[in-house]
Amino acid sequence: MSVSVLGAGAFGTALAISLAQKGAVTLWGRNPDHVVEMQANRTNTARLPGVDLPASMSLTSDIAQALAADVILLAVPMQRLAGFLTDHIPQSSTANLVACCKGFEVSTGRGPVTVIRDMVPQATAAILTGPSFAADIARGLPTALTLACADDAACQKLQQALTTQNLRLYRTTDTQGAELGGALKNVIAIACGVAIGAGLGQSARAALMTRGFSEMTRLARHLGAETATLAGLSGFGDLVLTCTSEQSRNYRLGLSLGVGNSFDPSTTVEGVATARAIVQMTQASGVDMPITHTVARLLDGEADVPTSMAALLSRPLKEE
Ligand SMILES: NC(=O)c1ccc[n+]([C@@H]2O[C@H](COP(=O)([O-])OP(=O)(O)OC[C@H]3O[C@@H](n4cnc5c(N)ncnc54)[C@H](O)[C@@H]3O)[C@@H](O)[C@H]2O)c1
Ligand SMILES: O=P(O)(O)OC[C@H](O)CO
């Protein structure tokens, strides 16, 4: 199956590099000048510096050319996904559309698969998510991810098409669980960054990761997702990676908040919007998400770090 990756950011470029091991792959970028520069230099200096683009990767800013593939990977940020589909994918398309973003829309509370299903109802909607830094994938380091698609037969075909020598895909039909894990772990990673940045120590981080996983699972159960999915690569696996590595932008944003430094606002940090989306979603349902709500208040300047930690530590004592 031929593959195109739409979105020439760090993750889209890394996925295209890995997929190019299997044959021709097309990487589409919205900025023609950026595409010309990548074609000339055979590298994506802006988003993934220091990595060569293989010869089997075509680069284009022509969306019609990119959409001719059997499988389309959507590697744009979550808050841009709906607008991207409106602009570029016909509503009647029956394409295989694989979301590669992590998060929930602030405006609607929808995750990536739901957005695809709503906007392109006849397409096969899937999500590729799990623990993976673009730089690792691009360098050929081993990575294992979750591929979720409600149609198991389609999922198996996509799994074959998208697995490479360094990208091992596990499949599930639980798209909601996969969406939730990838989105929620980013918020917990911000909290962990804050804790380390503020000098609260490794024990505090372990507590945040564990109780964070508990609230991720609580919301998943409430929404009818399978908790086993949350315990897999897309949930627990990605939580561990993102909460412990300075390669993560979510974790680094948290570190900056904890230290009291500013953070480049142009960086893609999906956990910021997701924290707000989850607060809106859970205020109505009453699902207890204390760490996520604390992060949202911190991000919105409604609390500082000491007040936030004090609020978390003074919650009523309960069974684990
Ligand atoms: N970078 C990673 O290590 C990594 C790993 C796994 C998942 N992801 C996920 O991948 C998604 C993208 O992240 P990234 O790291 O590639 O971000 P990035 O900031 O490096 O790139 C985002 C890209 O999207 C493009 N874009 C933004 N709006 C667009 C629009 N409306 N139309 C077309 N293109 C548009 C930008 O031009 C940019 O090239 C995020 O949801 C992120 O969570 C990233
Ligand atoms: O840089 P981050 O925080 O967006 O994390 C990248 C990936 O989601 C890690 O799996």
# chains A, B, ... in the order shown; residues from 1 in each chain; ligands from 1

call {"tool": "select_by_dssp", "arguments": {"residues": "range 134-302 of chain A", "states": "strand (DSSP E)", "output": "count of residues only"}}
result
13

call {"tool": "residues_near_ligand", "arguments": {"ligand": "ligand 2", "cutoff": "10 Å", "atoms": "only C-alpha atoms and all ligand atoms", "output": "MDAnalysis selection string"}}
result
chainID A and resid 10:11 77 100:103 129:135 143 145 182:183 185:187 189:190 233:235 237:243 245:253 267:271

call {"tool": "write_last_selection", "arguments": {"atoms": "N, CA and C atoms", "output": "compact mmCIF listing (two decimals), in the first residue's frame"}}
result
# COMPACT_ATOMS: atom_id res chain seq x y z
N ALA A 10 7.90 17.62 12.92
CA ALA A 10 8.86 16.64 13.42
C ALA A 10 8.32 15.21 13.27
N PHE A 11 7.08 15.00 13.70
CA PHE A 11 6.56 13.63 13.71
C PHE A 11 6.26 13.13 12.30
N PRO A 77 -1.09 19.15 14.23
CA PRO A 77 -1.50 19.23 15.64
C PRO A 77 -3.02 19.05 15.81
N CYS A 100 -2.29 11.04 13.54
CA CYS A 100 -1.03 10.85 14.27
C CYS A 100 -0.89 11.89 15.38
N CYS A 101 -1.98 12.56 15.69
CA CYS A 101 -1.91 13.61 16.73
C CYS A 101 -2.49 13.09 18.04
N LYS A 102 -2.18 13.82 19.12
CA LYS A 102 -2.58 13.40 20.46
C LYS A 102 -3.30 14.56 21.14
N GLY A 103 -4.55 14.38 21.50
CA GLY A 103 -5.23 15.45 22.21
C GLY A 103 -6.72 15.41 22.00
N THR A 129 -0.56 5.96 17.76
CA THR A 129 -0.18 6.69 18.97
C THR A 129 0.68 5.79 19.86
N GLY A 130 1.33 6.37 20.82
CA GLY A 130 2.17 5.55 21.70
C GLY A 130 3.52 6.23 21.93
N PRO A 131 4.38 5.58 22.73
CA PRO A 131 5.63 6.22 23.14
C PRO A 131 6.64 6.31 22.00
N SER A 132 6.95 7.50 21.57
CA SER A 132 7.89 7.64 20.44
C SER A 132 8.26 9.10 20.29
N PHE A 133 9.54 9.35 20.33
CA PHE A 133 10.00 10.70 19.98
C PHE A 133 10.39 10.69 18.51
N ALA A 134 10.01 11.76 17.82
CA ALA A 134 10.29 11.86 16.39
C ALA A 134 11.78 11.61 16.12
N ALA A 135 12.63 12.19 16.94
CA ALA A 135 14.08 12.06 16.71
C ALA A 135 14.52 10.60 16.80
N THR A 143 11.04 1.33 18.15
CA THR A 143 9.86 1.98 18.74
C THR A 143 8.66 1.05 18.60
N LEU A 145 4.40 1.12 18.87
CA LEU A 145 3.25 2.02 18.95
C LEU A 145 1.94 1.24 18.88
N GLY A 182 -3.13 8.73 24.78
CA GLY A 182 -2.18 9.65 24.15
C GLY A 182 -2.42 11.11 24.52
N ALA A 183 -3.67 11.44 24.76
CA ALA A 183 -4.00 12.84 25.09
C ALA A 183 -3.73 13.14 26.57
N LYS A 185 -1.91 11.64 28.88
CA LYS A 185 -0.53 11.53 29.41
C LYS A 185 0.23 12.83 29.25
N ASN A 186 -0.12 13.64 28.24
CA ASN A 186 0.59 14.91 28.05
C ASN A 186 0.35 15.87 29.22
N VAL A 187 -0.86 15.82 29.76
CA VAL A 187 -1.19 16.72 30.89
C VAL A 187 -0.42 16.28 32.13
N ALA A 189 2.37 14.73 32.08
CA ALA A 189 3.78 15.05 31.85
C ALA A 189 4.08 16.51 32.21
N ILE A 190 3.13 17.39 31.93
CA ILE A 190 3.33 18.79 32.34
C ILE A 190 3.44 18.85 33.87
N LEU A 233 0.67 0.50 25.32
CA LEU A 233 1.64 1.48 24.80
C LEU A 233 1.06 2.88 24.74
N SER A 234 -0.20 2.98 24.30
CA SER A 234 -0.80 4.30 24.08
C SER A 234 -1.11 5.03 25.38
N GLY A 235 -1.16 4.30 26.49
CA GLY A 235 -1.45 4.92 27.79
C GLY A 235 -0.23 4.89 28.68
N GLY A 237 2.55 3.23 28.52
CA GLY A 237 3.85 3.33 27.83
C GLY A 237 4.22 4.77 27.54
N ASP A 238 3.27 5.50 27.01
CA ASP A 238 3.56 6.89 26.64
C ASP A 238 3.64 7.79 27.88
N LEU A 239 2.90 7.43 28.91
CA LEU A 239 2.99 8.18 30.18
C LEU A 239 4.41 8.12 30.72
N VAL A 240 4.96 6.90 30.73
CA VAL A 240 6.32 6.71 31.27
C VAL A 240 7.32 7.53 30.46
N LEU A 241 7.24 7.42 29.13
CA LEU A 241 8.21 8.14 28.29
C LEU A 241 8.11 9.65 28.50
N THR A 242 6.89 10.15 28.43
CA THR A 242 6.70 11.60 28.39
C THR A 242 6.97 12.25 29.75
N CYS A 243 6.72 11.50 30.82
CA CYS A 243 6.92 12.08 32.16
C CYS A 243 8.36 12.01 32.62
N SER A 245 11.30 12.27 30.31
CA SER A 245 12.33 12.67 29.35
C SER A 245 12.25 14.13 28.98
N GLU A 246 13.40 14.77 29.00
CA GLU A 246 13.44 16.17 28.56
C GLU A 246 13.31 16.31 27.05
N GLN A 247 13.25 15.20 26.33
CA GLN A 247 12.91 15.28 24.90
C GLN A 247 11.45 15.69 24.72
N SER A 248 10.63 15.46 25.74
CA SER A 248 9.20 15.78 25.62
C SER A 248 8.97 17.27 25.80
N ARG A 249 8.20 17.83 24.86
CA ARG A 249 7.87 19.26 24.94
C ARG A 249 6.89 19.53 26.07
N ASN A 250 5.98 18.58 26.31
CA ASN A 250 5.05 18.76 27.42
C ASN A 250 5.79 18.79 28.76
N TYR A 251 6.70 17.84 28.92
CA TYR A 251 7.49 17.80 30.16
C TYR A 251 8.34 19.07 30.29
N ARG A 252 8.93 19.50 29.17
CA ARG A 252 9.79 20.70 29.23
C ARG A 252 8.98 21.95 29.56
N LEU A 253 7.75 22.04 29.04
CA LEU A 253 6.91 23.18 29.41
C LEU A 253 6.69 23.16 30.93
N THR A 267 5.99 26.47 20.20
CA THR A 267 6.23 25.02 20.28
C THR A 267 4.89 24.27 20.38
N THR A 268 4.81 23.16 19.69
CA THR A 268 3.60 22.32 19.78
C THR A 268 3.61 21.59 21.12
N VAL A 269 2.69 21.99 22.02
CA VAL A 269 2.58 21.35 23.33
C VAL A 269 1.10 20.97 23.50
N GLU A 270 0.78 19.74 23.12
CA GLU A 270 -0.62 19.34 23.02
C GLU A 270 -1.34 19.32 24.38
N GLY A 271 -0.58 19.12 25.46
CA GLY A 271 -1.22 18.99 26.77
C GLY A 271 -1.92 20.25 27.25

call {"tool": "residues_around", "arguments": {"residues": "Ala277 in chain A", "least_positions_apart": "5", "cutoff": "9 Å", "atoms": "only C-alpha atoms", "output": "ChimeraX atom specification"}}
result
/A:103-110,272,282

call {"tool": "residues_around", "arguments": {"residues": "Ala40 in chain A", "least_positions_apart": "5", "cutoff": "12 Å", "atoms": "only C-alpha atoms", "output": "list in words"}}
result
Asp33, His34, Val35, Thr45, Asp52, Leu53, Ala55, Ser58 and Leu59 of chain A

call {"tool": "closest_residue", "arguments": {"among": "A:Asn44, A:Gln156, A:Gln65, A:Thr217", "to": "ligand 1", "atoms": "only C-alpha atoms and all ligand atoms"}}
result
A:Asn44

call {"tool": "residues_around", "arguments": {"residues": "range 168-181 of chain A", "least_positions_apart": "4", "cutoff": "8 Å", "atoms": "only C-alpha atoms", "output": "tab-separated table (two decimals) with N, CA and C atoms, in the first residue's frame"}}
result
chain	number	residue	atom	x	y	z
A	102	LYS	N	-2.18	13.82	19.12
A	102	LYS	CA	-2.58	13.40	20.46
A	102	LYS	C	-3.30	14.56	21.14
A	103	GLY	N	-4.55	14.38	21.50
A	103	GLY	CA	-5.23	15.45	22.21
A	103	GLY	C	-6.72	15.41	22.00
A	111	GLY	N	-11.88	13.70	20.20
A	111	GLY	CA	-10.54	13.20	19.91
A	111	GLY	C	-10.36	13.05	18.40
A	112	PRO	N	-9.14	12.70	17.96
A	112	PRO	CA	-8.84	12.68	16.53
A	112	PRO	C	-9.69	11.72	15.69
A	113	VAL	N	-9.96	10.54	16.21
A	113	VAL	CA	-10.75	9.57	15.43
A	113	VAL	C	-12.19	10.07	15.29
A	126	ALA	N	-8.46	5.82	11.72
A	126	ALA	CA	-7.57	5.12	12.65
A	126	ALA	C	-6.70	6.14	13.37
A	127	ILE	N	-6.03	5.66	14.41
A	127	ILE	CA	-5.06	6.53	15.12
A	127	ILE	C	-3.80	5.73	15.40
A	129	THR	N	-0.56	5.96	17.76
A	129	THR	CA	-0.18	6.69	18.97
A	129	THR	C	0.68	5.79	19.86
A	142	PRO	N	14.58	1.58	17.81
A	142	PRO	CA	13.38	0.75	17.91
A	142	PRO	C	12.25	1.44	18.67
A	143	THR	N	11.04	1.33	18.15
A	143	THR	CA	9.86	1.98	18.74
A	143	THR	C	8.66	1.05	18.60
A	144	ALA	N	7.80	1.03	19.60
A	144	ALA	CA	6.56	0.24	19.50
A	144	ALA	C	5.37	1.17	19.76
A	145	LEU	N	4.40	1.12	18.87
A	145	LEU	CA	3.25	2.02	18.95
A	145	LEU	C	1.94	1.24	18.88
A	146	THR	N	0.86	1.93	19.21
A	146	THR	CA	-0.48	1.37	19.09
A	146	THR	C	-1.14	1.91	17.83
A	147	LEU	N	-1.73	1.01	17.05
A	147	LEU	CA	-2.56	1.42	15.91
A	147	LEU	C	-3.99	1.01	16.25
A	148	ALA	N	-4.88	1.97	16.33
A	148	ALA	CA	-6.27	1.66	16.70
A	148	ALA	C	-7.21	1.98	15.55
A	149	CYS	N	-8.08	1.03	15.25
A	149	CYS	CA	-9.09	1.22	14.20
A	149	CYS	C	-10.27	0.32	14.56
A	150	ALA	N	-11.46	0.84	14.52
A	150	ALA	CA	-12.64	0.06	14.94
A	150	ALA	C	-12.87	-1.15	14.06
A	151	ASP	N	-12.45	-1.08	12.80
A	151	ASP	CA	-12.61	-2.18	11.85
A	151	ASP	C	-11.34	-3.05	11.90
A	152	ASP	N	-11.46	-4.23	12.52
A	152	ASP	CA	-10.24	-5.02	12.76
A	152	ASP	C	-9.57	-5.47	11.47
A	155	CYS	N	-7.71	-2.65	10.22
A	155	CYS	CA	-6.60	-2.40	11.15
A	155	CYS	C	-5.42	-3.33	10.83
A	156	GLN	N	-5.75	-4.58	10.52
A	156	GLN	CA	-4.68	-5.54	10.20
A	156	GLN	C	-3.93	-5.12	8.94
A	159	GLN	N	-1.83	-2.17	9.80
A	159	GLN	CA	-0.70	-2.62	10.64
A	159	GLN	C	0.44	-3.14	9.76
A	162	LEU	N	2.07	-0.16	7.78
A	162	LEU	CA	2.78	0.90	8.51
A	162	LEU	C	3.88	0.39	9.45
A	163	THR	N	3.97	-0.93	9.60
A	163	THR	CA	5.06	-1.46	10.42
A	163	THR	C	6.36	-1.42	9.60
A	164	THR	N	7.42	-0.97	10.22
A	164	THR	CA	8.73	-0.95	9.56
A	164	THR	C	9.73	-1.67	10.47
A	185	LYS	N	-1.91	11.64	28.88
A	185	LYS	CA	-0.53	11.53	29.41
A	185	LYS	C	0.23	12.83	29.25
A	216	MET	N	-6.42	8.87	34.60
A	216	MET	CA	-6.59	8.54	33.17
A	216	MET	C	-7.52	7.33	33.02
A	220	ALA	N	-11.32	6.91	31.37
A	220	ALA	CA	-11.51	5.91	30.31
A	220	ALA	C	-12.67	4.98	30.67
A	225	ALA	N	-14.27	3.23	27.47
A	225	ALA	CA	-13.07	2.70	26.82
A	225	ALA	C	-12.57	1.51	27.63
A	226	GLU	N	-11.72	0.70	27.00
A	226	GLU	CA	-11.18	-0.47	27.70
A	226	GLU	C	-9.97	-0.05	28.54
A	227	THR	N	-10.01	-0.37	29.81
A	227	THR	CA	-8.90	0.05	30.67
A	227	THR	C	-7.60	-0.67	30.26
A	229	THR	N	-6.50	-0.96	27.35
A	229	THR	CA	-5.83	-0.10	26.37
A	229	THR	C	-4.99	0.95	27.08
A	230	LEU	N	-5.53	1.48	28.18
A	230	LEU	CA	-4.78	2.48	28.94
A	230	LEU	C	-3.51	1.90	29.55
A	234	SER	N	-0.20	2.98	24.30
A	234	SER	CA	-0.80	4.30	24.08
A	234	SER	C	-1.11	5.03	25.38
A	235	GLY	N	-1.16	4.30	26.49
A	235	GLY	CA	-1.45	4.92	27.79
A	235	GLY	C	-0.23	4.89	28.68
A	236	PHE	N	-0.09	3.77	29.41
A	236	PHE	CA	1.01	3.64	30.36
A	236	PHE	C	2.37	3.85	29.69
A	238	ASP	N	3.27	5.50	27.01
A	238	ASP	CA	3.56	6.89	26.64
A	238	ASP	C	3.64	7.79	27.88
A	239	LEU	N	2.90	7.43	28.91
A	239	LEU	CA	2.99	8.18	30.18
A	239	LEU	C	4.41	8.12	30.72

call {"tool": "closest_residue", "arguments": {"among": "A:Val287, A:Val98, A:Met57, A:Ala296", "to": "ligand 1", "atoms": "only C-alpha atoms and all ligand atoms"}}
result
A:Val98

call {"tool": "select_by_dssp", "arguments": {"residues": "range 105-310 of chain A", "states": "alpha helix (DSSP H)", "output": "JSON, numbers by chain"}}
result
{"A": [112, 113, 114, 115, 116, 117, 118, 119, 134, 135, 136, 137, 138, 152, 153, 154, 155, 156, 157, 158, 159, 160, 161, 162, 175, 176, 177, 178, 179, 180, 181, 182, 183, 184, 185, 186, 187, 188, 189, 190, 191, 192, 193, 194, 195, 196, 197, 202, 203, 204, 205, 206, 207, 208, 209, 210, 211, 212, 213, 214, 215, 216, 217, 218, 219, 220, 221, 222, 223, 227, 228, 229, 230, 238, 239, 240, 241, 242, 243, 244, 249, 250, 251, 252, 253, 254, 255, 256, 257, 258, 259, 270, 271, 272, 273, 274, 275, 276, 277, 278, 279, 280, 281, 282, 283, 284, 285, 290, 291, 292, 293, 294, 295, 296, 297, 298, 299, 305, 306, 307, 308, 309, 310]}

call {"tool": "write_last_selection", "arguments": {"atoms": "C-alpha atoms", "output": "CSV table (one decimal), in the first residue's frame"}}
result
chain,number,residue,atom,x,y,z
A,112,PRO,CA,-8.8,12.7,16.5
A,113,VAL,CA,-10.8,9.6,15.4
A,114,THR,CA,-14.1,11.2,16.3
A,115,VAL,CA,-13.1,14.3,14.3
A,116,ILE,CA,-12.3,12.2,11.3
A,117,ARG,CA,-15.5,10.1,11.6
A,118,ASP,CA,-17.6,13.3,11.9
A,119,MET,CA,-16.0,15.1,9.0
A,134,ALA,CA,10.3,11.9,16.4
A,135,ALA,CA,14.1,12.1,16.7
A,136,ASP,CA,14.2,8.4,17.8
A,137,ILE,CA,12.1,7.1,15.0
A,138,ALA,CA,14.0,9.2,12.4
A,152,ASP,CA,-10.2,-5.0,12.8
A,153,ALA,CA,-9.8,-6.2,9.2
A,154,ALA,CA,-8.8,-2.7,8.1
A,155,CYS,CA,-6.6,-2.4,11.1
A,156,GLN,CA,-4.7,-5.5,10.2
A,157,LYS,CA,-4.0,-4.2,6.7
A,158,LEU,CA,-2.9,-0.9,8.1
A,159,GLN,CA,-0.7,-2.6,10.6
A,160,GLN,CA,1.1,-4.5,7.8
A,161,ALA,CA,1.4,-1.3,5.7
A,162,LEU,CA,2.8,0.9,8.5
A,175,THR,CA,-10.0,3.8,19.3
A,176,GLN,CA,-11.4,5.7,22.3
A,177,GLY,CA,-8.9,4.1,24.7
A,178,ALA,CA,-6.0,4.9,22.4
A,179,GLU,CA,-7.2,8.5,22.0
A,180,LEU,CA,-7.5,9.0,25.7
A,181,GLY,CA,-4.1,7.6,26.7
A,182,GLY,CA,-2.2,9.7,24.2
A,183,ALA,CA,-4.0,12.8,25.1
A,184,LEU,CA,-4.2,12.5,28.9
A,185,LYS,CA,-0.5,11.5,29.4
A,186,ASN,CA,0.6,14.9,28.0
A,187,VAL,CA,-1.2,16.7,30.9
A,188,ILE,CA,0.4,14.5,33.5
A,189,ALA,CA,3.8,15.0,31.8
A,190,ILE,CA,3.3,18.8,32.3
A,191,ALA,CA,2.6,18.1,36.0
A,192,CYS,CA,5.7,16.0,36.3
A,193,GLY,CA,7.8,18.7,34.7
A,194,VAL,CA,6.5,21.2,37.1
A,195,ALA,CA,7.3,19.0,40.1
A,196,ILE,CA,10.9,18.4,38.9
A,197,GLY,CA,11.4,22.0,37.9
A,202,GLN,CA,11.6,12.2,42.1
A,203,SER,CA,9.2,10.7,44.7
A,204,ALA,CA,6.7,13.5,43.9
A,205,ARG,CA,7.1,12.7,40.2
A,206,ALA,CA,6.4,8.9,40.8
A,207,ALA,CA,3.3,9.9,42.8
A,208,LEU,CA,2.1,12.1,40.0
A,209,MET,CA,2.6,9.5,37.4
A,210,THR,CA,0.8,6.8,39.4
A,211,ARG,CA,-2.1,9.0,40.5
A,212,GLY,CA,-2.1,10.4,37.0
A,213,PHE,CA,-2.5,7.0,35.5
A,214,SER,CA,-5.3,6.4,38.0
A,215,GLU,CA,-7.3,9.4,36.8
A,216,MET,CA,-6.6,8.5,33.2
A,217,THR,CA,-8.1,5.1,33.8
A,218,ARG,CA,-11.0,6.5,35.7
A,219,LEU,CA,-12.0,8.7,32.8
A,220,ALA,CA,-11.5,5.9,30.3
A,221,ARG,CA,-13.8,3.6,32.4
A,222,HIS,CA,-16.4,6.4,32.6
A,223,LEU,CA,-16.4,6.9,28.9
A,227,THR,CA,-8.9,0.0,30.7
A,228,ALA,CA,-6.5,-2.6,29.2
A,229,THR,CA,-5.8,-0.1,26.4
A,230,LEU,CA,-4.8,2.5,28.9
A,238,ASP,CA,3.6,6.9,26.6
A,239,LEU,CA,3.0,8.2,30.2
A,240,VAL,CA,6.3,6.7,31.3
A,241,LEU,CA,8.2,8.1,28.3
A,242,THR,CA,6.7,11.6,28.4
A,243,CYS,CA,6.9,12.1,32.2
A,244,THR,CA,10.6,11.1,32.4
A,249,ARG,CA,7.9,19.3,24.9
A,250,ASN,CA,5.0,18.8,27.4
A,251,TYR,CA,7.5,17.8,30.2
A,252,ARG,CA,9.8,20.7,29.2
A,253,LEU,CA,6.9,23.2,29.4
A,254,GLY,CA,6.2,21.9,32.9
A,255,LEU,CA,9.9,22.2,33.8
A,256,SER,CA,9.8,25.8,32.7
A,257,LEU,CA,6.7,26.5,34.8
A,258,GLY,CA,8.3,24.8,37.8
A,259,VAL,CA,11.5,26.8,37.5
A,270,GLU,CA,-0.6,19.3,23.0
A,271,GLY,CA,-1.2,19.0,26.8
A,272,VAL,CA,-2.1,22.7,27.2
A,273,ALA,CA,-5.3,22.5,25.1
A,274,THR,CA,-6.1,19.0,26.2
A,275,ALA,CA,-6.0,20.0,29.9
A,276,ARG,CA,-8.7,22.7,29.1
A,277,ALA,CA,-10.7,20.2,27.1
A,278,ILE,CA,-10.7,17.6,29.8
A,279,VAL,CA,-11.7,20.2,32.5
A,280,GLN,CA,-14.7,21.1,30.3
A,281,MET,CA,-15.6,17.4,29.7
A,282,THR,CA,-15.3,16.3,33.3
A,283,GLN,CA,-16.9,19.3,35.0
A,284,ALA,CA,-20.2,18.1,33.5
A,285,SER,CA,-19.7,14.4,34.2
A,290,PRO,CA,-7.5,16.4,40.3
A,291,ILE,CA,-4.1,16.5,38.6
A,292,THR,CA,-5.5,17.5,35.2
A,293,HIS,CA,-7.6,20.2,36.8
A,294,THR,CA,-4.6,21.5,38.8
A,295,VAL,CA,-2.5,21.7,35.6
A,296,ALA,CA,-5.3,23.6,33.8
A,297,ARG,CA,-5.5,26.1,36.6
A,298,LEU,CA,-1.7,26.5,36.6
A,299,LEU,CA,-1.6,27.0,32.9
A,305,VAL,CA,3.1,26.0,42.0
A,306,PRO,CA,3.0,26.0,45.8
A,307,THR,CA,-0.7,26.5,46.0
A,308,SER,CA,-1.3,23.8,43.4
A,309,MET,CA,0.8,21.2,45.3
A,310,ALA,CA,-0.8,22.2,48.6

call {"tool": "closest_residue", "arguments": {"among": "A:His88, A:Arg315, A:Arg139, A:Arg30", "to": "ligand 1", "atoms": "only C-alpha atoms and all ligand atoms"}}
result
A:Arg30

call {"tool": "closest_residue", "arguments": {"among": "A:Gly201, A:Gly286, A:Pro54, A:Gly83", "to": "ligand 1", "atoms": "only C-alpha atoms and all ligand atoms"}}
result
A:Gly83
